[in-house]
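Q: For reference, the file start35.pdb (PDB, C-alpha atoms) is included below:
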```
MODEL        1
ATOM      1  CA  MET A   1      99.817 186.934 284.128
ATOM      2  CA  ILE A   2     100.617 183.444 282.837
ATOM      3  CA  HIS A   3      96.953 182.470 283.297
ATOM      4  CA  LYS A   4      95.877 185.400 281.115
ATOM      5  CA  ILE A   5      98.432 184.496 278.459
ATOM      6  CA  ILE A   6      97.192 180.902 278.437
ATOM      7  CA  ALA A   7      93.570 182.065 278.159
ATOM      8  CA  CYS A   8      94.487 184.307 275.221
ATOM      9  CA  TYR A   9      96.452 181.527 273.511
ATOM     10  CA  LEU A  10      93.542 179.106 273.881
ATOM     11  CA  THR A  11      91.121 181.665 272.433
ATOM     12  CA  LEU A  12      93.481 182.259 269.497
ATOM     13  CA  HIS A  13      94.002 178.531 268.975
ATOM     14  CA  LYS A  14      90.278 177.768 268.971
ATOM     15  CA  GLN A  15      89.759 180.422 266.326
ATOM     16  CA  ALA A  16      92.845 179.597 264.253
ATOM     17  CA  ILE A  17      91.679 176.019 263.675
ATOM     18  CA  LYS A  18      88.422 177.463 262.281
ATOM     19  CA  PHE A  19      90.202 179.716 259.773
ATOM     20  CA  PRO A  20      89.547 178.922 256.097
ATOM     21  CA  LYS A  21      92.170 176.459 254.858
ATOM     22  CA  PRO A  22      94.397 178.972 253.008
ATOM     23  CA  ASP A  23      94.483 181.268 256.068
ATOM     24  CA  ARG A  24      94.832 178.464 258.606
ATOM     25  CA  PHE A  25      98.309 177.561 257.435
ATOM     26  CA  THR A  26      99.514 181.140 257.012
ATOM     27  CA  LEU A  27      97.842 183.577 259.409
ATOM     28  CA  GLY A  28      96.691 180.892 261.859
ATOM     29  CA  ALA A  29     100.090 179.222 262.116
ATOM     30  CA  LYS A  30     101.844 182.595 262.379
ATOM     31  CA  LEU A  31      99.539 183.683 265.205
ATOM     32  CA  GLU A  32     100.115 180.509 267.177
ATOM     33  CA  ASN A  33     103.893 180.711 266.709
ATOM     34  CA  LEU A  34     104.006 184.376 267.720
ATOM     35  CA  MET A  35     101.942 183.651 270.822
ATOM     36  CA  LEU A  36     104.253 180.802 271.847
ATOM     37  CA  GLU A  37     107.289 183.058 271.337
ATOM     38  CA  PHE A  38     105.564 185.680 273.497
ATOM     39  CA  VAL A  39     105.052 183.100 276.267
ATOM     40  CA  GLU A  40     108.725 182.160 276.068
ATOM     41  CA  LEU A  41     109.849 185.792 276.351
ATOM     42  CA  VAL A  42     107.604 186.427 279.359
ATOM     43  CA  LEU A  43     108.886 183.306 281.126
ATOM     44  CA  LEU A  44     112.481 184.361 280.438
ATOM     45  CA  ALA A  45     111.765 187.878 281.732
ATOM     46  CA  LYS A  46     110.268 186.383 284.873
ATOM     47  CA  SER A  47     113.544 184.598 285.606
ATOM     48  CA  LYS A  48     115.778 187.645 285.074
ATOM     49  CA  THR A  49     116.371 190.920 286.906
ATOM     50  CA  GLY A  50     117.615 194.374 286.052
ATOM     51  CA  LEU A  51     118.620 195.294 282.523
ATOM     52  CA  SER A  52     118.143 191.779 281.097
ATOM     53  CA  GLN A  53     114.580 191.766 282.375
ATOM     54  CA  ILE A  54     113.903 195.189 280.864
ATOM     55  CA  LEU A  55     115.276 194.056 277.487
ATOM     56  CA  LEU A  56     113.146 190.894 277.532
ATOM     57  CA  LEU A  57     110.050 192.878 278.510
ATOM     58  CA  ASN A  58     110.669 195.280 275.624
ATOM     59  CA  LYS A  59     110.974 192.301 273.252
ATOM     60  CA  SER A  60     107.760 190.888 274.738
ATOM     61  CA  ASP A  61     105.997 194.164 274.086
ATOM     62  CA  ILE A  62     107.171 194.211 270.468
ATOM     63  CA  LYS A  63     106.041 190.602 270.031
ATOM     64  CA  LEU A  64     102.639 191.536 271.467
ATOM     65  CA  GLN A  65     102.325 194.433 269.002
ATOM     66  CA  THR A  66     103.097 191.996 266.189
ATOM     67  CA  ILE A  67     100.415 189.605 267.454
ATOM     68  CA  LYS A  68      97.898 192.462 267.500
ATOM     69  CA  LEU A  69      98.772 193.317 263.903
ATOM     70  CA  VAL A  70      98.377 189.722 262.687
ATOM     71  CA  VAL A  71      95.061 189.434 264.560
ATOM     72  CA  ARG A  72      93.856 192.567 262.786
ATOM     73  CA  LEU A  73      95.039 191.219 259.434
ATOM     74  CA  SER A  74      93.149 187.987 260.140
ATOM     75  CA  TYR A  75      90.021 189.967 260.920
ATOM     76  CA  GLU A  76      90.306 192.129 257.818
ATOM     77  CA  ALA A  77      90.961 189.044 255.681
ATOM     78  CA  LYS A  78      87.640 187.706 257.016
ATOM     79  CA  ALA A  79      89.343 184.701 258.633
ATOM     80  CA  LEU A  80      88.345 185.891 262.108
ATOM     81  CA  PRO A  81      84.735 186.731 263.008
ATOM     82  CA  THR A  82      83.926 190.047 264.689
ATOM     83  CA  SER A  83      82.968 188.492 268.029
ATOM     84  CA  ALA A  84      86.224 186.544 268.262
ATOM     85  CA  TYR A  85      88.229 189.577 267.127
ATOM     86  CA  SER A  86      86.695 191.687 269.899
ATOM     87  CA  LYS A  87      87.410 189.077 272.563
ATOM     88  CA  ILE A  88      90.996 188.474 271.440
ATOM     89  CA  GLU A  89      91.700 192.193 271.101
ATOM     90  CA  GLU A  90      90.421 192.752 274.645
ATOM     91  CA  GLN A  91      92.686 189.987 275.967
ATOM     92  CA  LEU A  92      95.688 191.388 274.094
ATOM     93  CA  LEU A  93      95.047 194.884 275.455
ATOM     94  CA  GLU A  94      94.985 193.461 278.981
ATOM     95  CA  LEU A  95      98.278 191.669 278.362
ATOM     96  CA  GLY A  96      99.732 194.923 277.033
ATOM     97  CA  ARG A  97      98.704 196.751 280.197
ATOM     98  CA  LEU A  98     100.287 194.031 282.332
ATOM     99  CA  ILE A  99     103.563 194.089 280.377
ATOM    100  CA  GLY A 100     103.599 197.901 280.480
ATOM    101  CA  GLY A 101     103.047 197.952 284.241
ATOM    102  CA  TRP A 102     105.716 195.317 284.804
ATOM    103  CA  LEU A 103     108.150 197.255 282.621
ATOM    104  CA  LYS A 104     107.426 200.510 284.437
ATOM    105  CA  GLN A 105     107.892 198.835 287.827
ATOM    106  CA  THR A 106     111.166 197.215 286.715
ATOM    107  CA  LYS A 107     112.538 200.518 285.413
ATOM    108  CA  THR A 108     111.792 202.313 288.697
ATOM    109  CA  GLU A 109     113.329 199.626 290.943
ATOM    110  CA  LYS A 110     116.712 200.475 292.339
ATOM    111  CA  PRO A 111     119.463 197.909 291.640
TER     112      PRO A 111
ENDMDL
END
```
Give the structure from this file in structure tokens form.

A:
Amino acid sequence: MIHKIIACYLTLHKQAIKFPKPDRFTLGAKLENLMLEFVELVLLAKSKTGLSQILLLNKSDIKLQTIKLVVRLSYEAKALPTSAYSKIEEQLLELGRLIGGWLKQTKTEKP
């Protein structure tokens, strides 16, 4: 999962530095910060068990939804080209499926 997160971050970073100047320091910076916060939450969840892990995974999922929204805003503001938007959206959907599966597995484990 970490490899997929890194790949998504690198894709976002490569695009964010190409954003028009006004968007680079607003949407681009926000995207990079959100992605780094997402990485931190996933790493924390990896080190926990039980209820703390479930809470961190839920926070990770919310952070991922926020990232998706900012990516869409970037696309609609014409800061992100269609091809990059499609690739990033695909990567984010895959991360969402992984977080969802991990969350489901954690909820069904017996303490």

Q: List the neighbours of region 5-17 of chain A out to 9 Å using only C-alpha atoms; skip same-chain residues closer than 5 positions along the sequence, and give me the result as a list in words.

A: Asp23, Arg24, Phe25, Leu27, Gly28, Ala29, Leu31, Glu32, Met35, Leu36, Phe38, Val39, Val71, Ala79, Leu80, Pro81, Ala84, Lys87, Ile88, Gln91, Leu92 and Leu95 of chain A

Q: CA of Lys104 (chain A) and CA of Gly50 (chain A), how far apart in Å?

A: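 For CA of Gly50 (chain A) relative to CA of Lys104 (chain A), the distance reads 12.0 Å.
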
Q: Step by step, work through what the PyMOL selection byres ((chain A and resi 69) around 12) selects in the shown file, and finish by giving those residues as a list in words.

A: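 For this structure, the PyMOL selection byres ((chain A and resi 69) around 12) resolves to Leu27, Lys30, Leu31, Leu34, Ile62, Lys63, Leu64, Gln65, Thr66, Ile67, Lys68, Val70, Val71, Arg72, Leu73, Ser74, Tyr75, Glu76, Tyr85, Ile88, Glu89 and Leu92 of chain A.
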
Q: Would you write out those residues with C-alpha atoms, as an mmCIF file, in the coordinates of the input?

A:
```
data_model
loop_
_atom_site.group_PDB
_atom_site.id
_atom_site.type_symbol
_atom_site.label_atom_id
_atom_site.label_comp_id
_atom_site.auth_asym_id
_atom_site.auth_seq_id
_atom_site.Cartn_x
_atom_site.Cartn_y
_atom_site.Cartn_z
ATOM 1 C CA LEU A 27 97.842 183.577 259.409
ATOM 2 C CA LYS A 30 101.844 182.595 262.379
ATOM 3 C CA LEU A 31 99.539 183.683 265.205
ATOM 4 C CA LEU A 34 104.006 184.376 267.720
ATOM 5 C CA ILE A 62 107.171 194.211 270.468
ATOM 6 C CA LYS A 63 106.041 190.602 270.031
ATOM 7 C CA LEU A 64 102.639 191.536 271.467
ATOM 8 C CA GLN A 65 102.325 194.433 269.002
ATOM 9 C CA THR A 66 103.097 191.996 266.189
ATOM 10 C CA ILE A 67 100.415 189.605 267.454
ATOM 11 C CA LYS A 68 97.898 192.462 267.500
ATOM 12 C CA VAL A 70 98.377 189.722 262.687
ATOM 13 C CA VAL A 71 95.061 189.434 264.560
ATOM 14 C CA ARG A 72 93.856 192.567 262.786
ATOM 15 C CA LEU A 73 95.039 191.219 259.434
ATOM 16 C CA SER A 74 93.149 187.987 260.140
ATOM 17 C CA TYR A 75 90.021 189.967 260.920
ATOM 18 C CA GLU A 76 90.306 192.129 257.818
ATOM 19 C CA TYR A 85 88.229 189.577 267.127
ATOM 20 C CA ILE A 88 90.996 188.474 271.440
ATOM 21 C CA GLU A 89 91.700 192.193 271.101
ATOM 22 C CA LEU A 92 95.688 191.388 274.094
#
```

Q: Which polymer residues, whether protein, DNA or RNA, lie within 8 Å of the coordinate (115.0, 197.1, 285.5) when you count all atoms listed in the file? List them as a PyMOL selection string, using the chain letters and numbers from the file.

A: chain A and resi 49-54+103+105-111

Q: Export C-alpha atoms of the chosen residues as a PDB file, keeping the file's coordinate frame?

A:
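Once everything was written out, this is selection-v4.pdb:
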```pdb
ATOM      1  CA  THR A  49     116.371 190.920 286.906  1.00  0.00           C
ATOM      2  CA  GLY A  50     117.615 194.374 286.052  1.00  0.00           C
ATOM      3  CA  LEU A  51     118.620 195.294 282.523  1.00  0.00           C
ATOM      4  CA  SER A  52     118.143 191.779 281.097  1.00  0.00           C
ATOM      5  CA  GLN A  53     114.580 191.766 282.375  1.00  0.00           C
ATOM      6  CA  ILE A  54     113.903 195.189 280.864  1.00  0.00           C
ATOM      7  CA  LEU A 103     108.150 197.255 282.621  1.00  0.00           C
ATOM      8  CA  GLN A 105     107.892 198.835 287.827  1.00  0.00           C
ATOM      9  CA  THR A 106     111.166 197.215 286.715  1.00  0.00           C
ATOM     10  CA  LYS A 107     112.538 200.518 285.413  1.00  0.00           C
ATOM     11  CA  THR A 108     111.792 202.313 288.697  1.00  0.00           C
ATOM     12  CA  GLU A 109     113.329 199.626 290.943  1.00  0.00           C
ATOM     13  CA  LYS A 110     116.712 200.475 292.339  1.00  0.00           C
ATOM     14  CA  PRO A 111     119.463 197.909 291.640  1.00  0.00           C
TER      15      PRO A 111
END
```

Q: Hey, can you check how far CA of Phe19 (chain A) sits from CA of Lys59 (chain A)?

A: 27.8 Å

Q: What does the structure give for the distance between CA of Asp61 (chain A) and CA of Gly100 (chain A), in Å to one decimal?

A: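 Between CA of Asp61 (chain A) and CA of Gly100 (chain A) the gap works out to 7.8 Å.
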
Q: Taking all atoms of region 73-86 of chain A that appear in the file, build a box with edges along x, y and z, extend it by 5 Å on every side, and state its centre and edge lengths in Å to one decimal, as AutoDock Vina command-line options.

A:
```
--center_x 89.0 --center_y 188.4 --center_z 262.8 --size_x 22.1 --size_y 17.4 --size_z 24.2
```

Q: I need the residue nearest Pro22 (chain A) from this list: A:Glu90, A:Ala77, A:Gly101, A:Ser83. Use all atoms listed in the file for the distance.

A: A:Ala77
